[in-house]
Amino acid sequence: MSTPIYTNPTDARPFKFGLFDCLGDINTCIFAFFVPCLLVKEDAEALGEHPLFNCCILNNQAVWPLRLKLRLTQNIQGDFIEDCWQSSCCNPCALIQLTREIRDIRDNK
């Protein structure tokens with residue numbers, strides 16, 4: 001069974017965790033700054049991607065496609081350009097936001 005992709009931005013919800021809410025989860029913050037590949041692997045697996053997803057591309061370029069997939073499957077506000085610039089300019093923060101959102105969705109199922 002595939003996850004539905006939402007296309008109606010008027011029904012989209014915001015991210016539960018802010019982009020700069022990095023210190024809200026200090027353990028994730030430490031991982032994002034020192035070993036981001038482990039978080040990217042965890043996020044890729046949670047989103048149905050191959051666990052070696054980030055081995056083929058640089059970590060800062062691995063975050064935005066995962067972020068895009070999460071937004072589309074979970075009907076979260078934003079767009080491709082926002083995902084791209086946030087992942088490029090604020091990569092650790094974008095990774096922390098992505099990881100926390102995925103964990104929250106998983107834990108609240």
# chains A, B, ... in the order shown; residues from 1 in each chain; ligands from 1
$ residues_around --residues "A:Leu70" --least-positions-apart "5" --cutoff "12 Å" --atoms "only C-alpha atoms" --output "ChimeraX atom specification"
/A:3-6,15,43-49,63-65,75-80,83,95,97-103,105
$ residues_around --residues "A:Thr28" --least-positions-apart "4" --cutoff "9 Å" --atoms "only C-alpha atoms" --output "PyMOL selection string"
chain A and resi 22-24+32-33+39+96+99-100
$ write_last_selection --atoms "N, CA, C and O atoms" --output "short mmCIF file (atom, residue, chain, number, x, y, z; two decimals), in the first residue's frame"
data_model
loop_
_atom_site.label_atom_id
_atom_site.label_comp_id
_atom_site.auth_asym_id
_atom_site.auth_seq_id
_atom_site.Cartn_x
_atom_site.Cartn_y
_atom_site.Cartn_z
N CYS A 22 16.40 23.76 17.29
CA CYS A 22 17.44 22.73 17.32
C CYS A 22 17.68 22.17 18.71
O CYS A 22 17.90 20.97 18.88
N LEU A 23 17.67 23.03 19.72
CA LEU A 23 18.02 22.58 21.06
C LEU A 23 16.86 21.94 21.81
O LEU A 23 17.02 21.53 22.95
N GLY A 24 15.72 21.80 21.15
CA GLY A 24 14.58 21.13 21.76
C GLY A 24 14.84 19.66 22.01
O GLY A 24 14.17 19.04 22.83
N ALA A 32 23.24 15.57 14.72
CA ALA A 32 23.14 16.33 13.47
C ALA A 32 24.42 17.11 13.18
O ALA A 32 24.81 17.25 12.02
N PHE A 33 25.07 17.59 14.21
CA PHE A 33 26.29 18.36 14.00
C PHE A 33 27.54 17.50 13.86
O PHE A 33 28.46 17.86 13.14
N LEU A 39 21.72 10.15 11.20
CA LEU A 39 20.34 10.65 11.18
C LEU A 39 19.73 10.53 9.79
O LEU A 39 18.57 10.17 9.64
N ILE A 96 17.62 18.22 11.85
CA ILE A 96 17.01 18.05 13.17
C ILE A 96 15.49 18.16 13.07
O ILE A 96 14.75 17.34 13.62
N THR A 99 14.16 14.96 11.36
CA THR A 99 14.24 13.79 12.25
C THR A 99 13.20 13.86 13.35
O THR A 99 12.52 12.87 13.63
N ARG A 100 13.05 15.01 13.96
CA ARG A 100 12.07 15.16 15.04
C ARG A 100 10.65 14.97 14.53
O ARG A 100 9.81 14.35 15.20
#
$ atom_distance --atom1 "atom CA of A:Gly18" --atom2 "atom CA of A:Lys69"
17.8 Å
$ select_by_dssp --residues "chain A" --states "helix (DSSP H, G or I)" --output "PyMOL selection string"
chain A and resi 9-11+22-24+26-34+36-46+53-55+59-74+80-89+91-107
$ closest_residue --among "A:Gln61, A:His50, A:Arg71, A:Asn27" --to "A:Cys90" --atoms "only C-alpha atoms"
A:Gln61
$ closest_residue --among "A:Lys109, A:Lys16, A:Ala62, A:Gln74" --to "A:Pro36" --atoms "only C-alpha atoms"
A:Ala62
